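Here the structure is laid out as structure tokens; the discussion comes afterwards.
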Amino acid sequence: MSKQENKNNNNNFFNQNPLITFAMFSVVVILVFKMFVGEGGANNSLATTNTRTQQVSYSELKSLVASKSVKKVEIGQSFIRAISTDGSKIYTTRIVKGDTKLVEELDKQGIEYSGFSETNWFTEMFGWLFPFLLIIGVWMFFASRMQKSMGGGILGMGQSKKMVSSEKPKTKFDDVAGVEEAKEEVQEIVDFLKYPGRYVEIGAKIPKGVLLVGSPGTGKTLLAKAVAGEAEVPFFSVSGSSFIEMFVGVGAARVRDLFEQAKKDAPSIIFIDEIDAIGKSRAAGAQMGGNDEREQTLNQLLAEMDGFGTDTPVIILAATNRPEILDAALMRPGRFDRQVLVDKPDFEGRVKILKVHMKSVKMDDDVDVEEVARLTAGLAGADLANVVNEAALLAGRKSQKTVKQKDLFESVERALAGLAKKSRRINPKEKKIVAYHESGHALLAETTEGAKKVSKVSIVPRGLAALGYTLNKPEEDKFMMQRHELWAEVDVLLGGRAAEEVFIGEISTGAGNDLERATDIIKSMVQTYGMSDIAGLMVLEKSRQSFLGAGGGAAREYSEKMAEDMDEFIKSSLEEHYKAVVARLEEYRGAIEDMVALLYKKENITGDEVREIIINFEKENGIDSKVSEVSDEIADELKVDASMVDQDEK
Ligand code: ADP
Ligand code: ZN
């Protein structure tokens with residue numbers, strides 16, 4: 001523990017004092033360099049063409065002097081050299097400090113002697129300059145690389161140069177659609193940034209940090225920009241992950257620069273995208289081996305946030321889609337103590353978002369925005385923007401003047417299930433399996449109470465994994481499900497596999513994903529929602545479990561017996577429901593065959609067609625209809641649930 005701290009401290013010291021580090025590094029290099037170059041630097045004024053140099057010991061030199069075997073001696077700072085009487089040899093030796101007798105002896109013998117400088121100015125200069133140049137070269141090389149990777153300079157330390165760039169976005173609240181509540185919540189921040197004085201005078205506590213929580217593409221960045229745009233203040237944007245890619249210590253330094261700059265330009269906004277990259281809970285981080293760089297950056301961020309008072313009009317907005325993994329320290333009062341949910345849009349929201357993005361595109365009169373919105377439940381703002389753009393591209397490719405409803409539909413389908421791959425040929429056997437499988441889903445969806453209605457069944461392969469799919473429409477945007485609806489979903493999921501068994505007599509791997517989802521639903525009913533007798537109301541699994549917890553060997557909080565009971569319950573309910581599903585399919589054999597026939601003919605069939613087939617079959621066979629009369633037109637409020645796209649893998 002203390003060792004670890006120590007290490008961090010060291011790191012901090014060097015990282016936060018790059019100039020000192022630089023100076024120390026230079027000195028070391030120079031000393032090393034001098035060790036190699038120093039001695040050789042001595043120039044030799046005694047040397048003539050035919051002389052040989054011979055190393056001798058100090059005492060030898062003394063005796064040479066005593067015997068008058070040398071005629072001239074030169075004394076340097078660390079060397080002595082002497083030329084032999086016949087001029088054929090140069091003796092060199094190191095000086096022995098503290099010996100003064102040599103000079104006396106030289107005087108006594110009458111030998112000529114003088115002092116000399118061991119280096120000349122050129123070697124002297126070069127010896128000092130070269131390592132400096134080398135270091136500066138290396139330094140500049142890395143600095144320029146760092147500059148590239150972080151979009152700001154680190155060479156500019158201590159200079160007035162702008163290190164973190166800001167923008168003044170033109171984005172307004174009107175550009176952000178379908179997130180009315182979130183907009184309301186940040187309205188106050190706009191006000192504060194516009195008129196900080198008012199709030200400071202009253203002594204109101206304005207939040208310093210606001211966490212924008214929501215799935216990717218829901219418009220968190222857009223909203224943050226709009227806050228800056230509305231308040232007309234500079235917007236400093238960084239991504240949490242960009243800190244981690246950098247050299248150790250640079251992340252923390254960057255945070256410091258960022259805040260310095262933002263405070264200088266106050267009122268201003270700092271936006272940190274993907275804050276989970278640095279703000280991951282430290283406990284979770286330790287499990288993964290820890291990350292010094294991340295921790296340093298996080299600590300620096302916390303220190304900076306604590307470092308200025310609420311009277312400094314700098315607001316830090318941060319975005320994440322995984323608030324549950326964030327370090328608790330980030331959420332303390334005075335930090336990101338306010339969370340704003342930027343949710344996926346509902347029907348109304350989708351209409352508004354689509355309209356925002358259709359503004360800049362020429363739309364045909366036949367375009368029905370609500371229809372598109374109805375089909376795109378579950379898509380985020382970014383997906384919707386993409387749908388509009390894709391449709392425009394499609395229209396362009398077909399040299400149309402405007403975007404037609406047809407283009408939008410095609411674009412929606414792509415967004416929902418990946419690119420239509422008409423060209424990919426599936427073999428007839430596979431086609432048959434897929435047709436029965438999907439018809440099985442569709443039949444169960446229409447004849448089970450509480451199940452989502454079918455909007456479309458397709459056996460056109462889409463993307464790589466999905467061979468066919470059944471789109472189901474929930475009655476409304478659902479944030480809650482009742483128990484019978486969950487069971488209905490299980491039945492619909494089992495319908496695919498059961499149809500394969502009943503009509504083909506053999507089962508395929510295509511239902512793997514269905515079965516997994518069915519199992520998960522039942523498990524959640526037991527573990528999380530208190531919907532079984534096994535655990536009663538006892539919650540076995542916390543719903544907001546850290547994503548690491550699952551794999552990290554989190555201790556199970558219930559007994560072995562409970563686990564066994566649960567397994568048994570899941571298995572037996574699946575069996576029981578499967579039996580009922582098979583019975584239903586047997587009962588509706590003719591309807592399934594009709595659906596499959598139509599699917600073969602058209603590849604895509606609509607929910608209306610499915611319902612018509614089933615109702616006709618029921619009439620012919622005197623079965624009381626289980627299909628609720630919902631036509632595609634009447635079902636105006638119905639929406640496609642993208643998560644229900646059947647991802648059957650083969
Ligand atoms: P996030 O930051 O939540 O991942 P972004 O703000 O980067 O999402 O959204 C990406 C793009 O998607 C935006 O630039 C915008 O074009 C579009 N977009 C997303 N949400 C919305 C919305 N609510 N209203 C309008 N456009 C949106
Ligand atoms: Zn399936």
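A note on labels: chains of the structure tokens are A, B, ... as shown, every chain counts residues from 1, and ligands are counted from 1 in their shown order.
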*Select from range 65-235 of chain A everything DSSP, run on the backbone, classes as helix (DSSP H, G or I), then give the selection as a VMD selection string.*
chain A and resid 65 to 66 101 to 109 121 to 150 173 to 175 180 to 194 196 to 202 220 to 231
*Skip range 299-306 of chain A itself and residues of its chain fewer than 3 positions away, then list as a list of chain:residue names all residues within 7 Å of it, counting only C-alpha atoms.*
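Near range 299-306 of chain A, the qualifying residues are A:Ala252, A:Val255, A:Phe259, A:Glu295, A:Gln296, A:Gly334, A:Arg335.
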For the residues selected in the previous step, produce a file with N, CA, C and O atoms as a tab-separated table (two decimals), in the first residue's frame.
chain	number	residue	atom	x	y	z
A	252	ALA	N	-3.25	13.94	-16.72
A	252	ALA	CA	-3.44	14.84	-15.58
A	252	ALA	C	-3.05	16.26	-15.96
A	252	ALA	O	-3.75	17.22	-15.62
A	255	VAL	N	-5.76	17.78	-18.01
A	255	VAL	CA	-6.90	18.21	-17.20
A	255	VAL	C	-6.62	19.58	-16.59
A	255	VAL	O	-7.46	20.47	-16.60
A	259	PHE	N	-8.76	23.04	-17.34
A	259	PHE	CA	-9.46	23.86	-16.34
A	259	PHE	C	-8.89	25.27	-16.30
A	259	PHE	O	-9.63	26.23	-16.12
A	295	GLU	N	-6.11	6.70	-13.04
A	295	GLU	CA	-6.33	7.16	-11.68
A	295	GLU	C	-5.78	8.57	-11.47
A	295	GLU	O	-6.41	9.40	-10.84
A	296	GLN	N	-4.62	8.81	-12.03
A	296	GLN	CA	-4.02	10.15	-11.92
A	296	GLN	C	-4.90	11.19	-12.55
A	296	GLN	O	-5.11	12.27	-12.02
A	334	GLY	N	-20.77	18.80	-4.93
A	334	GLY	CA	-19.74	19.70	-5.42
A	334	GLY	C	-19.02	19.15	-6.64
A	334	GLY	O	-18.19	19.81	-7.23
A	335	ARG	N	-19.35	17.92	-6.97
A	335	ARG	CA	-18.79	17.36	-8.20
A	335	ARG	C	-19.96	17.08	-9.15
A	335	ARG	O	-20.76	17.96	-9.39
Could you give me, as a PDB file with N, CA, C and O atoms, in the first residue's frame, the residues within 10 Å of range 608-619 of chain A, counting only C-alpha atoms and dropping anything in the same chain fewer than 6 positions from it?
ATOM      1  N   SER A 439     -42.602 -17.984 -39.259  1.00  0.00           N
ATOM      2  CA  SER A 439     -44.055 -18.106 -39.181  1.00  0.00           C
ATOM      3  C   SER A 439     -44.482 -18.557 -37.793  1.00  0.00           C
ATOM      4  O   SER A 439     -45.522 -18.130 -37.278  1.00  0.00           O
ATOM      5  N   ALA A 442     -44.488 -15.600 -35.641  1.00  0.00           N
ATOM      6  CA  ALA A 442     -45.595 -14.709 -35.992  1.00  0.00           C
ATOM      7  C   ALA A 442     -46.921 -15.237 -35.456  1.00  0.00           C
ATOM      8  O   ALA A 442     -47.723 -14.492 -34.896  1.00  0.00           O
ATOM      9  N   LEU A 443     -47.125 -16.552 -35.612  1.00  0.00           N
ATOM     10  CA  LEU A 443     -48.387 -17.116 -35.151  1.00  0.00           C
ATOM     11  C   LEU A 443     -48.550 -16.943 -33.645  1.00  0.00           C
ATOM     12  O   LEU A 443     -49.608 -16.530 -33.156  1.00  0.00           O
ATOM     13  N   GLU A 446     -49.406 -13.419 -32.632  1.00  0.00           N
ATOM     14  CA  GLU A 446     -50.774 -12.971 -32.887  1.00  0.00           C
ATOM     15  C   GLU A 446     -51.812 -13.706 -32.051  1.00  0.00           C
ATOM     16  O   GLU A 446     -52.916 -13.219 -31.871  1.00  0.00           O
ATOM     17  N   THR A 447     -51.487 -14.904 -31.578  1.00  0.00           N
ATOM     18  CA  THR A 447     -52.510 -15.681 -30.875  1.00  0.00           C
ATOM     19  C   THR A 447     -52.271 -15.778 -29.373  1.00  0.00           C
ATOM     20  O   THR A 447     -52.959 -16.506 -28.691  1.00  0.00           O
ATOM     21  N   LYS A 453     -47.756  -7.314 -31.231  1.00  0.00           N
ATOM     22  CA  LYS A 453     -48.299  -7.636 -32.550  1.00  0.00           C
ATOM     23  C   LYS A 453     -47.199  -7.679 -33.599  1.00  0.00           C
ATOM     24  O   LYS A 453     -46.184  -7.016 -33.479  1.00  0.00           O
ATOM     25  N   VAL A 454     -47.460  -8.449 -34.643  1.00  0.00           N
ATOM     26  CA  VAL A 454     -46.480  -8.550 -35.726  1.00  0.00           C
ATOM     27  C   VAL A 454     -46.648  -7.380 -36.676  1.00  0.00           C
ATOM     28  O   VAL A 454     -47.765  -7.011 -37.025  1.00  0.00           O
ATOM     29  N   SER A 455     -45.550  -6.791 -37.084  1.00  0.00           N
ATOM     30  CA  SER A 455     -45.669  -5.763 -38.109  1.00  0.00           C
ATOM     31  C   SER A 455     -45.125  -6.254 -39.432  1.00  0.00           C
ATOM     32  O   SER A 455     -45.512  -5.787 -40.481  1.00  0.00           O
ATOM     33  N   LYS A 456     -44.231  -7.222 -39.373  1.00  0.00           N
ATOM     34  CA  LYS A 456     -43.648  -7.689 -40.617  1.00  0.00           C
ATOM     35  C   LYS A 456     -42.907  -9.001 -40.388  1.00  0.00           C
ATOM     36  O   LYS A 456     -42.265  -9.180 -39.361  1.00  0.00           O
ATOM     37  N   VAL A 457     -43.033  -9.899 -41.339  1.00  0.00           N
ATOM     38  CA  VAL A 457     -42.248 -11.131 -41.287  1.00  0.00           C
ATOM     39  C   VAL A 457     -41.436 -11.182 -42.578  1.00  0.00           C
ATOM     40  O   VAL A 457     -41.962 -10.895 -43.654  1.00  0.00           O
ATOM     41  N   GLU A 587     -52.535 -26.931 -33.720  1.00  0.00           N
ATOM     42  CA  GLU A 587     -53.892 -26.471 -33.933  1.00  0.00           C
ATOM     43  C   GLU A 587     -53.989 -25.575 -35.168  1.00  0.00           C
ATOM     44  O   GLU A 587     -54.965 -25.622 -35.907  1.00  0.00           O
ATOM     45  N   TYR A 588     -52.961 -24.769 -35.388  1.00  0.00           N
ATOM     46  CA  TYR A 588     -52.986 -23.786 -36.469  1.00  0.00           C
ATOM     47  C   TYR A 588     -52.135 -24.197 -37.666  1.00  0.00           C
ATOM     48  O   TYR A 588     -51.665 -23.351 -38.415  1.00  0.00           O
ATOM     49  N   ARG A 589     -51.940 -25.497 -37.823  1.00  0.00           N
ATOM     50  CA  ARG A 589     -51.124 -26.005 -38.921  1.00  0.00           C
ATOM     51  C   ARG A 589     -51.380 -25.297 -40.256  1.00  0.00           C
ATOM     52  O   ARG A 589     -50.459 -24.785 -40.906  1.00  0.00           O
ATOM     53  N   GLY A 590     -52.665 -25.276 -40.629  1.00  0.00           N
ATOM     54  CA  GLY A 590     -53.053 -24.702 -41.926  1.00  0.00           C
ATOM     55  C   GLY A 590     -52.611 -23.242 -42.059  1.00  0.00           C
ATOM     56  O   GLY A 590     -52.146 -22.813 -43.117  1.00  0.00           O
ATOM     57  N   ALA A 591     -52.764 -22.487 -40.964  1.00  0.00           N
ATOM     58  CA  ALA A 591     -52.389 -21.074 -41.015  1.00  0.00           C
ATOM     59  C   ALA A 591     -50.896 -20.923 -41.259  1.00  0.00           C
ATOM     60  O   ALA A 591     -50.455 -20.072 -42.034  1.00  0.00           O
ATOM     61  N   ILE A 592     -50.131 -21.764 -40.562  1.00  0.00           N
ATOM     62  CA  ILE A 592     -48.681 -21.704 -40.754  1.00  0.00           C
ATOM     63  C   ILE A 592     -48.330 -22.020 -42.204  1.00  0.00           C
ATOM     64  O   ILE A 592     -47.524 -21.310 -42.832  1.00  0.00           O
ATOM     65  N   GLU A 593     -48.967 -23.072 -42.743  1.00  0.00           N
ATOM     66  CA  GLU A 593     -48.665 -23.446 -44.129  1.00  0.00           C
ATOM     67  C   GLU A 593     -48.982 -22.295 -45.085  1.00  0.00           C
ATOM     68  O   GLU A 593     -48.215 -22.014 -46.012  1.00  0.00           O
ATOM     69  N   ASP A 594     -50.114 -21.604 -44.828  1.00  0.00           N
ATOM     70  CA  ASP A 594     -50.468 -20.466 -45.683  1.00  0.00           C
ATOM     71  C   ASP A 594     -49.431 -19.353 -45.589  1.00  0.00           C
ATOM     72  O   ASP A 594     -49.045 -18.742 -46.581  1.00  0.00           O
ATOM     73  N   MET A 595     -48.998 -19.081 -44.363  1.00  0.00           N
ATOM     74  CA  MET A 595     -47.989 -18.030 -44.167  1.00  0.00           C
ATOM     75  C   MET A 595     -46.709 -18.372 -44.899  1.00  0.00           C
ATOM     76  O   MET A 595     -46.120 -17.536 -45.587  1.00  0.00           O
ATOM     77  N   LEU A 598     -47.062 -17.872 -48.588  1.00  0.00           N
ATOM     78  CA  LEU A 598     -47.014 -16.450 -48.951  1.00  0.00           C
ATOM     79  C   LEU A 598     -45.589 -15.892 -48.814  1.00  0.00           C
ATOM     80  O   LEU A 598     -45.141 -15.086 -49.629  1.00  0.00           O
ATOM     81  N   SER A 625     -61.703 -16.811 -32.395  1.00  0.00           N
ATOM     82  CA  SER A 625     -60.505 -16.052 -32.773  1.00  0.00           C
ATOM     83  C   SER A 625     -59.710 -15.575 -31.561  1.00  0.00           C
ATOM     84  O   SER A 625     -60.258 -15.055 -30.599  1.00  0.00           O
ATOM     85  N   LYS A 626     -58.426 -15.795 -31.624  1.00  0.00           N
ATOM     86  CA  LYS A 626     -57.540 -15.284 -30.578  1.00  0.00           C
ATOM     87  C   LYS A 626     -56.864 -14.003 -31.022  1.00  0.00           C
ATOM     88  O   LYS A 626     -56.149 -13.358 -30.264  1.00  0.00           O
ATOM     89  N   VAL A 627     -57.080 -13.660 -32.285  1.00  0.00           N
ATOM     90  CA  VAL A 627     -56.399 -12.479 -32.821  1.00  0.00           C
ATOM     91  C   VAL A 627     -57.194 -11.242 -32.494  1.00  0.00           C
ATOM     92  O   VAL A 627     -58.382 -11.161 -32.791  1.00  0.00           O
ATOM     93  N   SER A 628     -56.560 -10.282 -31.853  1.00  0.00           N
ATOM     94  CA  SER A 628     -57.270  -9.037 -31.627  1.00  0.00           C
ATOM     95  C   SER A 628     -57.238  -8.259 -32.930  1.00  0.00           C
ATOM     96  O   SER A 628     -56.245  -8.222 -33.635  1.00  0.00           O
ATOM     97  N   GLU A 629     -58.392  -7.663 -33.251  1.00  0.00           N
ATOM     98  CA  GLU A 629     -58.537  -7.018 -34.557  1.00  0.00           C
ATOM     99  C   GLU A 629     -57.757  -5.715 -34.606  1.00  0.00           C
ATOM    100  O   GLU A 629     -58.288  -4.649 -34.329  1.00  0.00           O
ATOM    101  N   VAL A 630     -56.548  -5.809 -34.935  1.00  0.00           N
ATOM    102  CA  VAL A 630     -55.754  -4.597 -35.078  1.00  0.00           C
ATOM    103  C   VAL A 630     -55.177  -4.571 -36.476  1.00  0.00           C
ATOM    104  O   VAL A 630     -54.330  -5.365 -36.815  1.00  0.00           O
ATOM    105  N   SER A 631     -55.690  -3.699 -37.292  1.00  0.00           N
ATOM    106  CA  SER A 631     -55.116  -3.605 -38.628  1.00  0.00           C
ATOM    107  C   SER A 631     -53.957  -2.621 -38.583  1.00  0.00           C
ATOM    108  O   SER A 631     -53.810  -1.858 -37.630  1.00  0.00           O
ATOM    109  N   ASP A 632     -53.152  -2.660 -39.612  1.00  0.00           N
ATOM    110  CA  ASP A 632     -52.008  -1.750 -39.658  1.00  0.00           C
ATOM    111  C   ASP A 632     -52.443  -0.296 -39.582  1.00  0.00           C
ATOM    112  O   ASP A 632     -51.755   0.547 -39.029  1.00  0.00           O
ATOM    113  N   GLU A 633     -53.657  -0.017 -40.157  1.00  0.00           N
ATOM    114  CA  GLU A 633     -54.107   1.383 -40.138  1.00  0.00           C
ATOM    115  C   GLU A 633     -54.602   1.781 -38.754  1.00  0.00           C
ATOM    116  O   GLU A 633     -54.272   2.826 -38.235  1.00  0.00           O
TER     117      GLU A 633
END
Taking 6 positions as the minimum chain separation for residues in the same chain, which residues sit within 8 Å of range 582-586 of chain A when counting only C-alpha atoms? Answer as a tab-separated table (two decimals) with all heavy atoms, in the first residue's frame.
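Writing the result to part35.tsv gives the following:
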chain	number	residue	atom	x	y	z
A	440	GLY	N	-43.69	-19.42	-37.20
A	440	GLY	CA	-43.96	-19.86	-35.83
A	440	GLY	C	-43.98	-18.69	-34.86
A	440	GLY	O	-44.91	-18.53	-34.06
A	443	LEU	N	-47.12	-16.55	-35.61
A	443	LEU	CA	-48.39	-17.12	-35.15
A	443	LEU	C	-48.55	-16.94	-33.64
A	443	LEU	O	-49.61	-16.53	-33.16
A	443	LEU	CB	-48.48	-18.61	-35.49
A	443	LEU	CG	-49.84	-19.16	-35.09
A	443	LEU	CD1	-50.78	-19.21	-36.28
A	443	LEU	CD2	-49.75	-20.49	-34.41
A	444	LEU	N	-47.49	-17.26	-32.92
A	444	LEU	CA	-47.57	-17.12	-31.46
A	444	LEU	C	-47.78	-15.67	-31.05
A	444	LEU	O	-48.53	-15.37	-30.12
A	444	LEU	CB	-46.30	-17.69	-30.81
A	444	LEU	CG	-46.37	-19.14	-30.33
A	444	LEU	CD1	-47.41	-19.26	-29.22
A	444	LEU	CD2	-46.73	-20.10	-31.45
A	495	GLY	N	-41.79	-20.09	-30.17
A	495	GLY	CA	-42.54	-20.40	-31.39
A	495	GLY	C	-41.66	-20.78	-32.57
A	495	GLY	O	-42.03	-21.66	-33.36
A	498	ALA	N	-40.25	-24.36	-31.99
A	498	ALA	CA	-41.34	-25.34	-32.01
A	498	ALA	C	-41.82	-25.58	-33.43
A	498	ALA	O	-42.09	-26.71	-33.83
A	498	ALA	CB	-42.48	-24.85	-31.12
A	499	ALA	N	-41.88	-24.51	-34.24
A	499	ALA	CA	-42.33	-24.65	-35.62
A	499	ALA	C	-41.37	-25.54	-36.41
A	499	ALA	O	-41.79	-26.36	-37.22
A	499	ALA	CB	-42.45	-23.28	-36.27
A	502	VAL	N	-42.24	-29.08	-35.31
A	502	VAL	CA	-43.54	-29.58	-35.75
A	502	VAL	C	-43.59	-29.77	-37.27
A	502	VAL	O	-44.08	-30.77	-37.76
A	502	VAL	CB	-44.66	-28.62	-35.29
A	502	VAL	CG1	-45.99	-29.00	-35.93
A	502	VAL	CG2	-44.77	-28.62	-33.77
A	592	ILE	N	-50.13	-21.76	-40.56
A	592	ILE	CA	-48.68	-21.70	-40.75
A	592	ILE	C	-48.33	-22.02	-42.20
A	592	ILE	O	-47.52	-21.31	-42.83
A	592	ILE	CB	-47.97	-22.71	-39.82
A	592	ILE	CG1	-48.13	-22.29	-38.35
A	592	ILE	CG2	-46.50	-22.85	-40.19
A	592	ILE	CD1	-47.16	-21.25	-37.89
*Please identify every polymer residue within 10 Å of ligand 1, using only C-alpha atoms and all ligand atoms, and present the set as a VMD selection string.*
chain A and resid 171 173 to 180 182 to 183 212 to 226 273 to 274 318 to 321 342 to 345 349 to 350 352 to 357 379 to 386
*Residue contacts of Tyr195 in chain A (12 Å, only C-alpha atoms) excluding same-chain residues fewer than 3 positions away, as a ChimeraX atom specification*: /A:188-192,198-201,206,231-233,266-267,311-313
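Distances here use only C-alpha atoms and all ligand atoms; by that measure, the residue among A:Ser399, A:Thr92, A:Ser458, A:Gln482 closest to ligand 2 is A:Ser458.
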Could you write out, as a PDB file with N, CA and C atoms, in the first residue's frame, all the residues of range 84-271 of chain A that DSSP marks as strand (DSSP E or B)?
ATOM      1  N   SER A  84      60.607  12.072 -24.258  1.00  0.00           N
ATOM      2  CA  SER A  84      61.921  11.491 -23.927  1.00  0.00           C
ATOM      3  C   SER A  84      63.047  12.356 -24.511  1.00  0.00           C
ATOM      4  N   LYS A  89      59.741   9.225 -27.795  1.00  0.00           N
ATOM      5  CA  LYS A  89      58.604   8.713 -27.024  1.00  0.00           C
ATOM      6  C   LYS A  89      57.926   9.821 -26.236  1.00  0.00           C
ATOM      7  N   ILE A  90      56.608   9.646 -26.086  1.00  0.00           N
ATOM      8  CA  ILE A  90      55.879  10.518 -25.160  1.00  0.00           C
ATOM      9  C   ILE A  90      55.321   9.631 -24.059  1.00  0.00           C
ATOM     10  N   TYR A  91      55.696   9.977 -22.835  1.00  0.00           N
ATOM     11  CA  TYR A  91      55.137   9.241 -21.695  1.00  0.00           C
ATOM     12  C   TYR A  91      53.945  10.026 -21.174  1.00  0.00           C
ATOM     13  N   THR A  92      52.858   9.297 -20.902  1.00  0.00           N
ATOM     14  CA  THR A  92      51.727   9.997 -20.266  1.00  0.00           C
ATOM     15  C   THR A  92      51.364   9.276 -18.980  1.00  0.00           C
ATOM     16  N   THR A  93      50.887  10.046 -18.039  1.00  0.00           N
ATOM     17  CA  THR A  93      50.420   9.444 -16.785  1.00  0.00           C
ATOM     18  C   THR A  93      49.374  10.350 -16.156  1.00  0.00           C
ATOM     19  N   ARG A  94      48.588   9.783 -15.272  1.00  0.00           N
ATOM     20  CA  ARG A  94      47.609  10.593 -14.536  1.00  0.00           C
ATOM     21  C   ARG A  94      48.297  11.281 -13.375  1.00  0.00           C
ATOM     22  N   GLU A 112      62.693  21.492 -18.709  1.00  0.00           N
ATOM     23  CA  GLU A 112      61.684  22.476 -19.079  1.00  0.00           C
ATOM     24  C   GLU A 112      60.281  21.917 -18.808  1.00  0.00           C
ATOM     25  N   TYR A 113      59.438  22.709 -18.178  1.00  0.00           N
ATOM     26  CA  TYR A 113      58.058  22.236 -17.975  1.00  0.00           C
ATOM     27  C   TYR A 113      57.072  23.381 -18.121  1.00  0.00           C
ATOM     28  N   SER A 114      55.829  22.988 -18.449  1.00  0.00           N
ATOM     29  CA  SER A 114      54.779  23.996 -18.609  1.00  0.00           C
ATOM     30  C   SER A 114      53.416  23.344 -18.362  1.00  0.00           C
ATOM     31  N   GLY A 115      52.403  24.184 -18.172  1.00  0.00           N
ATOM     32  CA  GLY A 115      51.042  23.645 -18.018  1.00  0.00           C
ATOM     33  C   GLY A 115      50.347  23.607 -19.373  1.00  0.00           C
ATOM     34  N   SER A 166     -11.188  25.824 -27.818  1.00  0.00           N
ATOM     35  CA  SER A 166     -12.617  25.834 -27.530  1.00  0.00           C
ATOM     36  C   SER A 166     -13.342  26.298 -28.776  1.00  0.00           C
ATOM     37  N   GLU A 167     -14.629  26.100 -28.763  1.00  0.00           N
ATOM     38  CA  GLU A 167     -15.427  26.629 -29.859  1.00  0.00           C
ATOM     39  C   GLU A 167     -16.622  27.347 -29.265  1.00  0.00           C
ATOM     40  N   GLY A 209     -21.012  20.311 -11.629  1.00  0.00           N
ATOM     41  CA  GLY A 209     -20.917  19.229 -12.604  1.00  0.00           C
ATOM     42  C   GLY A 209     -22.273  18.597 -12.844  1.00  0.00           C
ATOM     43  N   VAL A 210     -22.578  18.342 -14.098  1.00  0.00           N
ATOM     44  CA  VAL A 210     -23.828  17.665 -14.435  1.00  0.00           C
ATOM     45  C   VAL A 210     -23.496  16.464 -15.304  1.00  0.00           C
ATOM     46  N   LEU A 211     -24.022  15.330 -14.892  1.00  0.00           N
ATOM     47  CA  LEU A 211     -23.763  14.109 -15.627  1.00  0.00           C
ATOM     48  C   LEU A 211     -24.927  13.846 -16.579  1.00  0.00           C
ATOM     49  N   LEU A 212     -24.643  13.790 -17.858  1.00  0.00           N
ATOM     50  CA  LEU A 212     -25.672  13.455 -18.837  1.00  0.00           C
ATOM     51  C   LEU A 212     -25.623  11.947 -19.066  1.00  0.00           C
ATOM     52  N   VAL A 213     -26.712  11.289 -18.733  1.00  0.00           N
ATOM     53  CA  VAL A 213     -26.740   9.834 -18.798  1.00  0.00           C
ATOM     54  C   VAL A 213     -27.669   9.384 -19.921  1.00  0.00           C
ATOM     55  N   PHE A 235     -16.969  26.525 -25.440  1.00  0.00           N
ATOM     56  CA  PHE A 235     -17.259  25.116 -25.193  1.00  0.00           C
ATOM     57  C   PHE A 235     -15.963  24.337 -25.341  1.00  0.00           C
ATOM     58  N   PHE A 236     -15.489  23.792 -24.232  1.00  0.00           N
ATOM     59  CA  PHE A 236     -14.261  22.989 -24.267  1.00  0.00           C
ATOM     60  C   PHE A 236     -14.655  21.521 -24.254  1.00  0.00           C
ATOM     61  N   SER A 237     -14.279  20.810 -25.283  1.00  0.00           N
ATOM     62  CA  SER A 237     -14.726  19.423 -25.378  1.00  0.00           C
ATOM     63  C   SER A 237     -13.540  18.461 -25.391  1.00  0.00           C
ATOM     64  N   VAL A 238     -13.595  17.482 -24.510  1.00  0.00           N
ATOM     65  CA  VAL A 238     -12.577  16.429 -24.515  1.00  0.00           C
ATOM     66  C   VAL A 238     -13.282  15.091 -24.335  1.00  0.00           C
ATOM     67  N   SER A 239     -12.582  14.041 -24.732  1.00  0.00           N
ATOM     68  CA  SER A 239     -13.149  12.714 -24.548  1.00  0.00           C
ATOM     69  C   SER A 239     -12.350  11.988 -23.480  1.00  0.00           C
ATOM     70  N   SER A 268     -17.806  29.560 -19.007  1.00  0.00           N
ATOM     71  CA  SER A 268     -17.538  28.593 -20.064  1.00  0.00           C
ATOM     72  C   SER A 268     -18.037  27.212 -19.659  1.00  0.00           C
ATOM     73  N   ILE A 269     -17.991  26.313 -20.616  1.00  0.00           N
ATOM     74  CA  ILE A 269     -18.440  24.945 -20.379  1.00  0.00           C
ATOM     75  C   ILE A 269     -17.338  23.967 -20.735  1.00  0.00           C
ATOM     76  N   ILE A 270     -17.114  23.019 -19.849  1.00  0.00           N
ATOM     77  CA  ILE A 270     -16.218  21.915 -20.170  1.00  0.00           C
ATOM     78  C   ILE A 270     -17.089  20.691 -20.401  1.00  0.00           C
ATOM     79  N   PHE A 271     -16.886  20.021 -21.520  1.00  0.00           N
ATOM     80  CA  PHE A 271     -17.648  18.814 -21.785  1.00  0.00           C
ATOM     81  C   PHE A 271     -16.705  17.614 -21.855  1.00  0.00           C
TER      82      PHE A 271
END
*Write out as a ChimeraX atom specification the residues lying within 12 Å of Lys362 in chain A, counting only C-alpha atoms and excluding same-chain residues fewer than 2 positions away.*
/A:355,357-360,364-367,388-389,391-393,395-396,400-405
*Determine the nearest neighbour of ligand 2 from the options A:Leu408, A:Ala445, A:Ala597, A:Ala535, counting only C-alpha atoms and all ligand atoms.*
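Closest to ligand 2, using only C-alpha atoms and all ligand atoms: A:Ala445.
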*What is the CA of Gly505 in chain A-CA of Val581 in chain A distance in Å, reported with one decimal?*
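So the answer is 15.2 Å.
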